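One file, data-v8.txt, is given below (compact mmCIF, C-alpha atoms).
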```
# COMPACT_ATOMS: atom_id res chain seq x y z
CA MET A 1 96.45 88.32 132.44
CA PHE A 2 97.01 88.75 128.69
CA ARG A 3 94.17 91.26 128.61
CA CYS A 4 95.87 93.32 131.30
CA TRP A 5 99.10 93.46 129.30
CA ILE A 6 97.23 94.39 126.11
CA LEU A 7 95.34 97.22 127.83
CA LEU A 8 98.57 98.45 129.42
CA GLY A 9 100.30 98.29 126.04
CA LEU A 10 97.53 100.30 124.37
CA SER A 11 97.69 102.89 127.13
CA PHE A 12 101.45 103.28 126.70
CA LEU A 13 100.99 103.36 122.92
CA PHE A 14 98.85 106.51 123.11
CA LEU A 15 101.24 107.95 125.69
CA HIS A 16 104.17 107.31 123.34
CA LEU A 17 102.39 108.92 120.36
CA HIS A 18 101.59 112.06 122.34
CA ALA A 19 105.03 112.30 123.94
CA SER A 20 106.80 111.91 120.58
CA GLY A 21 104.38 114.15 118.67
CA ASP A 22 103.65 111.36 116.20
CA ILE A 23 99.94 111.50 117.05
CA SER A 24 99.66 114.25 114.41
CA LYS A 25 100.57 111.67 111.74
CA TYR A 26 97.42 109.71 112.52
CA ILE A 27 94.64 112.10 113.50
CA ASN A 28 93.55 115.70 113.15
CA LEU A 29 95.02 117.47 116.19
CA LYS A 30 91.60 118.99 116.78
CA TYR A 31 90.67 115.60 118.26
CA SER A 32 93.91 114.98 120.13
CA SER A 33 92.22 115.57 123.50
CA PHE A 34 90.14 112.42 122.94
CA SER A 35 93.20 110.27 122.25
CA PHE A 36 94.93 111.82 125.28
CA LEU A 37 91.92 110.85 127.41
CA ALA A 38 92.26 107.31 126.06
CA ILE A 39 95.59 106.97 127.91
CA PHE A 40 93.84 107.21 131.26
CA LEU A 41 90.74 105.25 130.26
CA LEU A 42 92.76 102.31 129.01
CA PHE A 43 94.93 102.34 132.13
CA PHE A 44 91.76 102.42 134.27
CA PHE A 45 90.31 99.48 132.35
CA MET A 46 93.60 97.64 132.83
CA LEU A 47 93.29 98.06 136.61
CA ILE A 48 89.71 96.79 136.53
CA GLN A 49 90.74 93.81 134.40
CA MET A 50 93.60 93.04 136.78
CA TYR A 51 91.20 93.10 139.74
CA PHE A 52 88.84 90.61 138.09
CA THR A 53 91.75 88.45 136.92
CA LEU A 54 93.25 88.20 140.41
CA LYS A 55 89.83 87.60 141.92
CA LYS A 56 89.13 84.82 139.39
CA ASP A 57 92.52 83.20 140.02
CA GLY A 58 91.83 83.24 143.74
CA ASN A 59 88.46 81.60 143.28
CA GLU A 60 89.93 78.90 141.03
CA ASP A 61 92.66 78.13 143.61
CA GLU A 62 90.00 77.85 146.29
CA LEU A 63 87.89 75.57 144.08
CA THR A 64 90.90 73.33 143.42
CA ASP A 65 91.53 73.03 147.18
CA ILE A 66 87.97 71.96 148.05
CA CYS A 67 87.33 69.82 144.95
CA ASP A 68 88.44 66.18 145.08
CA CYS A 69 87.91 65.53 141.37
CA GLY A 70 91.67 65.58 140.70
CA ILE A 71 91.46 68.48 138.18
CA ASP A 72 93.54 71.61 138.63
CA HIS A 73 90.92 74.25 137.78
CA SER A 74 93.48 77.06 137.72
CA LYS A 75 95.03 75.60 134.55
CA GLU A 76 91.90 75.34 132.45
CA GLY A 77 92.72 76.70 129.01
CA LYS A 78 91.23 79.61 127.09
CA SER A 79 89.12 79.10 124.00
CA TRP A 80 90.77 79.24 120.57
CA LYS A 81 88.77 82.39 119.74
CA GLU A 82 90.44 84.25 122.60
CA TRP A 83 93.92 83.18 121.50
CA ILE A 84 93.22 84.32 117.92
CA SER A 85 91.96 87.73 119.06
CA TYR A 86 95.11 88.59 121.03
CA PRO A 87 97.44 89.10 117.99
CA ILE A 88 94.91 91.53 116.51
CA PHE A 89 95.46 93.85 119.47
CA ILE A 90 99.16 93.13 119.91
CA PHE A 91 100.13 93.85 116.29
CA PRO A 92 99.39 97.63 116.28
CA ILE A 93 101.19 98.02 119.61
CA LEU A 94 104.37 96.37 118.32
CA THR A 95 104.36 98.18 114.97
CA ALA A 96 103.86 101.60 116.58
CA PHE A 97 106.75 101.08 119.01
CA PHE A 98 109.26 99.37 116.72
CA LEU A 99 108.56 100.62 113.18
CA PRO A 100 109.21 104.21 112.05
CA VAL A 101 106.26 106.44 111.22
CA ALA A 102 105.97 106.84 107.44
CA THR A 103 104.92 110.23 106.10
CA LEU A 104 102.47 110.23 103.19
CA ASP A 105 104.16 111.43 100.01
CA SER A 106 104.07 111.15 96.21
CA ASN A 107 104.47 107.36 96.40
CA ILE A 108 100.94 107.18 97.80
CA VAL A 109 99.65 109.35 94.95
CA ALA A 110 101.39 107.14 92.39
CA ALA A 111 100.24 103.92 94.06
CA LYS A 112 96.59 104.96 93.97
CA GLY A 113 96.84 106.01 90.35
CA PHE A 114 96.25 109.43 88.94
CA ASN A 115 92.76 108.94 87.53
CA PHE A 116 90.89 109.31 90.81
CA GLU A 117 87.29 108.19 91.20
CA VAL A 118 86.20 111.63 92.36
CA TYR A 119 86.17 112.71 88.72
CA ASN A 120 84.06 109.94 87.17
CA ASP A 121 81.23 109.48 89.72
CA LYS A 122 80.98 105.72 89.25
CA ASP A 123 80.48 105.21 92.98
CA PRO A 124 77.93 107.70 94.36
CA TYR A 125 78.51 106.39 97.89
CA GLY A 126 82.30 106.44 97.81
CA PHE A 127 84.20 109.20 99.57
CA HIS A 128 87.41 109.97 97.70
CA GLN A 129 89.24 113.27 98.06
CA PHE A 130 91.83 114.44 95.59
CA LEU A 131 93.03 117.86 94.47
CA GLU A 132 89.87 119.68 95.67
CA PRO A 133 88.85 119.63 99.36
CA ASP A 134 85.14 119.03 99.88
CA THR A 135 83.71 119.25 103.40
CA SER A 136 80.06 119.49 102.36
CA ILE A 137 79.31 116.01 103.73
CA PHE A 138 80.08 117.23 107.26
CA TYR A 139 77.42 119.95 107.24
CA GLY A 140 73.80 120.43 106.30
CA GLN A 141 73.28 122.22 102.99
CA ASP A 142 72.39 125.54 104.62
CA GLY A 143 75.31 125.34 107.04
CA TYR A 144 77.79 124.51 104.29
CA GLU A 145 76.62 127.36 102.06
CA GLU A 146 76.93 129.77 104.96
CA ILE A 147 80.51 128.64 105.64
CA MET A 148 81.48 128.96 101.97
CA GLU A 149 79.93 132.43 101.73
CA GLU A 150 81.91 133.51 104.78
CA ALA A 151 85.11 132.05 103.31
CA LEU A 152 84.48 133.73 99.96
CA GLY A 153 84.09 137.07 101.74
CA LYS A 154 87.37 136.47 103.57
CA TYR A 155 89.47 135.75 100.47
CA SER A 156 87.77 137.21 97.40
CA ASN A 157 88.42 140.85 98.29
CA LYS A 158 92.18 140.27 98.42
CA ASP A 159 94.42 140.69 95.39
CA LYS A 160 96.98 138.37 96.98
CA VAL A 161 95.97 135.18 98.80
CA ILE A 162 98.76 133.33 100.65
CA LEU A 163 97.58 130.05 102.14
CA ASN A 164 99.42 129.00 105.29
CA ASP A 165 99.16 125.65 107.06
CA GLN A 166 96.21 126.74 109.19
CA ASP A 167 93.93 127.86 106.37
CA PHE A 168 95.25 125.71 103.51
CA LEU A 169 92.21 123.42 103.24
CA TYR A 170 89.78 126.25 103.97
CA GLY A 171 91.27 128.51 101.32
CA MET A 172 91.86 125.79 98.74
CA GLU A 173 88.24 124.63 98.99
CA THR A 174 87.05 128.22 98.57
CA ILE A 175 89.16 128.67 95.44
CA TYR A 176 87.92 125.44 93.87
CA LYS A 177 84.29 126.25 94.64
CA ASN A 178 84.57 129.79 93.24
CA PRO A 179 87.42 129.83 90.68
CA GLY A 180 86.00 132.81 88.81
CA TYR A 181 86.52 135.09 91.82
CA PHE A 182 90.21 134.23 91.98
CA SER A 183 91.23 134.23 88.31
CA GLY A 184 93.94 136.85 87.82
CA LYS A 185 94.72 137.04 91.54
CA THR A 186 98.07 136.15 93.08
CA ILE A 187 97.94 132.84 94.96
CA GLY A 188 100.74 131.44 97.09
CA PHE A 189 101.23 128.22 99.05
CA LYS A 190 103.81 125.53 99.74
CA GLY A 191 103.82 121.78 99.24
CA PHE A 192 105.59 118.82 97.68
CA THR A 193 105.85 118.31 93.93
CA TYR A 194 104.27 115.45 92.05
CA VAL A 195 105.11 114.83 88.40
CA ASP A 196 102.48 112.97 86.40
CA LYS A 197 104.47 110.41 84.38
CA GLU A 198 101.87 110.25 81.61
CA THR A 199 101.60 113.98 80.89
CA GLY A 200 104.73 115.42 82.52
CA ASN A 201 102.57 117.99 84.34
CA VAL A 202 103.66 119.12 87.78
CA PHE A 203 101.25 119.42 90.69
CA LEU A 204 101.95 120.96 94.09
CA PHE A 205 100.27 119.00 96.88
CA ARG A 206 99.72 118.79 100.60
CA PHE A 207 98.24 115.79 102.35
CA GLY A 208 95.25 116.90 104.39
CA LEU A 209 93.53 115.07 107.24
CA ILE A 210 89.83 115.64 107.68
CA HIS A 211 89.49 113.52 110.83
CA CYS A 212 92.28 110.93 110.68
CA VAL A 213 94.72 109.33 108.25
CA ALA A 214 91.99 106.97 107.00
CA ASP A 215 90.13 109.86 105.33
CA SER A 216 93.21 111.79 104.25
CA GLY A 217 93.35 113.32 100.80
CA VAL A 218 95.95 115.02 98.66
CA PHE A 219 95.11 118.62 97.78
CA GLY A 220 96.70 121.36 95.73
CA MET A 221 96.96 122.74 92.21
CA LEU A 222 98.34 122.12 88.77
CA LEU A 223 101.38 124.33 88.11
CA GLU A 224 102.46 126.12 84.95
CA LEU A 225 106.17 126.54 85.57
CA PRO A 226 108.59 129.00 84.00
CA LYS A 227 110.43 127.71 80.95
CA ASP A 228 113.21 125.16 81.58
CA THR A 229 112.10 124.65 85.22
CA THR A 230 111.87 121.00 86.20
CA PHE A 231 111.24 119.10 89.41
CA GLN A 232 111.34 115.57 90.72
CA ASN A 233 108.75 114.05 93.01
CA ASP A 234 108.70 115.12 96.66
CA GLU A 235 110.64 118.35 96.31
CA TRP A 236 109.26 120.87 98.78
CA ILE A 237 108.78 124.33 97.31
CA GLU A 238 106.93 127.55 98.03
CA VAL A 239 105.32 129.25 95.05
CA GLU A 240 103.47 132.41 94.11
CA GLY A 241 101.76 133.06 90.82
CA THR A 242 98.66 134.14 88.98
CA MET A 243 95.69 131.81 89.07
CA ASP A 244 93.77 130.87 85.96
CA THR A 245 91.56 127.97 84.93
CA ILE A 246 92.13 125.28 82.33
CA TYR A 247 90.17 122.39 80.90
CA TYR A 248 92.31 119.43 81.95
CA GLN A 249 91.71 116.60 79.52
CA PRO A 250 92.90 113.71 81.76
CA PHE A 251 90.21 114.66 84.30
CA LYS A 252 87.69 115.92 81.73
CA LYS A 253 87.16 118.85 84.03
CA THR A 254 88.00 122.54 84.30
CA ILE A 255 90.42 123.06 87.18
CA PRO A 256 92.50 125.95 88.56
CA ILE A 257 96.06 126.30 87.34
CA LEU A 258 98.75 128.44 88.95
CA LYS A 259 101.02 130.28 86.53
CA VAL A 260 104.09 130.34 88.75
CA GLU A 261 106.18 133.52 88.95
CA LYS A 262 108.14 132.95 92.18
CA ILE A 263 109.67 129.69 93.42
CA ASN A 264 111.59 129.02 96.62
CA LYS A 265 112.92 125.61 97.55
CA ILE A 266 112.28 124.81 101.20
CA GLU A 267 112.90 122.01 103.67
CA GLU A 268 110.08 119.61 104.42
CA PRO A 269 108.07 121.18 107.26
CA GLU A 270 108.22 119.59 110.69
CA GLU A 271 104.47 119.08 110.28
CA PRO A 272 103.97 118.09 106.61
CA TYR A 273 100.19 117.59 106.87
CA VAL A 274 97.40 120.15 106.93
CA TYR A 275 94.15 119.70 108.81
CA ARG A 276 90.49 120.57 108.57
CA SER A 277 90.06 123.20 111.28
CA TYR A 278 86.77 124.92 110.42
```
Show this structure as structure tokens.
Amino acid sequence: MFRCWILLGLSFLFLHLHASGDISKYINLKYSSFSFLAIFLLFFFMLIQMYFTLKKDGNEDELTDICDCGIDHSKEGKSWKEWISYPIFIFPILTAFFLPVATLDSNIVAAKGFNFEVYNDKDPYGFHQFLEPDTSIFYGQDGYEEIMEEALGKYSNKDKVILNDQDFLYGMETIYKNPGYFSGKTIGFKGFTYVDKETGNVFLFRFGLIHCVADSGVFGMLLELPKDTTFQNDEWIEVEGTMDTIYYQPFKKTIPILKVEKINKIEEPEEPYVYRSY
């Protein structure tokens, strides 16, 4: 019967996440239909498990009635492996229902450290995303080049490129892949501030989900702010400025930098994450 309750709990967990809108904190909404389908599949499996459980209990009661060995077969215990496996499934159900959903912010950036592995190539098989979106691993080489050429054609002929939530990752990846086409152009986007404690430099970030929170990355640009302008971590702002490139010594890499001309403080968006949608 424990299995029935676990399956029912998992079904209601997905129902709760969709009803509350918190499902967007865990997966790319492009795949939300699959998690919505899981509500019904898990409930169906629960019904099947309940049928077999009741059928098994009935058989054990019948066996106890006809057996004169003196053993109550209906009370035979489960193996220790089964009892250990139950908390593994119960834990995520309880935490999702009773603990608040935490939004990724600058604390995650600070906790991981600011010298990210993506810039030193020590692990050729590792998949770390920071600052620069890279979706090349999801396509064949020809397909990826075709997508980037299409994106370059979309943005490079504009003097002013404003990245909204829908095309943030798409546009940011295009800029990082082709910085020369965007130098001198006006770029605008919004995000939360992160202040590097070692250098004092300010970055403007958005957390992006490729598929789910497990492969999330933090993407954005280094800012060159007007004189006497300072920020703390996790201040949400919207900026516009002229893009340039700079050799950034901490990363030993040339990266885009936005020379900010306009700044507006904003409230944290209802949906703070951006998603891969192309």
Computed interatomic separation between atom CA of A:Tyr248 and atom CA of A:Leu222 (Å): 9.5 Å
Nearest-residue call for A:Phe168, choices A:Asn264, A:Glu224, A:Lys253, A:Tyr273, using all atoms listed in the file: A:Tyr273
Pick out the closest residue to A:Val161 from this set: A:Gly188, A:Gly208, A:Pro87, A:Gly140. Count only C-alpha atoms.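 Using only C-alpha atoms, A:Val161 sits closest to A:Gly188.
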Closest of A:Ala96, A:Leu15, A:Ile23, A:Val202 to A:Ile39 - atom-to-atom distances counting all atoms listed in the file: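 Under the stated criterion, the closest residue is A:Leu15.
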Of the candidates A:Gly220, A:Pro226, A:Gly9, A:Gly21, which one gets nearest to A:Phe203 if we count all atoms listed in the file?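 Checking each candidate against A:Phe203, we get A:Gly220 as the closest.
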Find the distance between atom CA of A:Ile137 and atom CA of A:Phe36 and write it in Å to one decimal. 26.9 Å
Edge lengths and centre in Å to one decimal, as AutoDock Vina command-line options, of the axis-aligned box that encloses all listed atoms of stretch 4-11 of chain A with 4 Å added on every side?
```
--center_x 97.8 --center_y 98.1 --center_z 127.8 --size_x 13.0 --size_y 17.6 --size_z 14.9
```
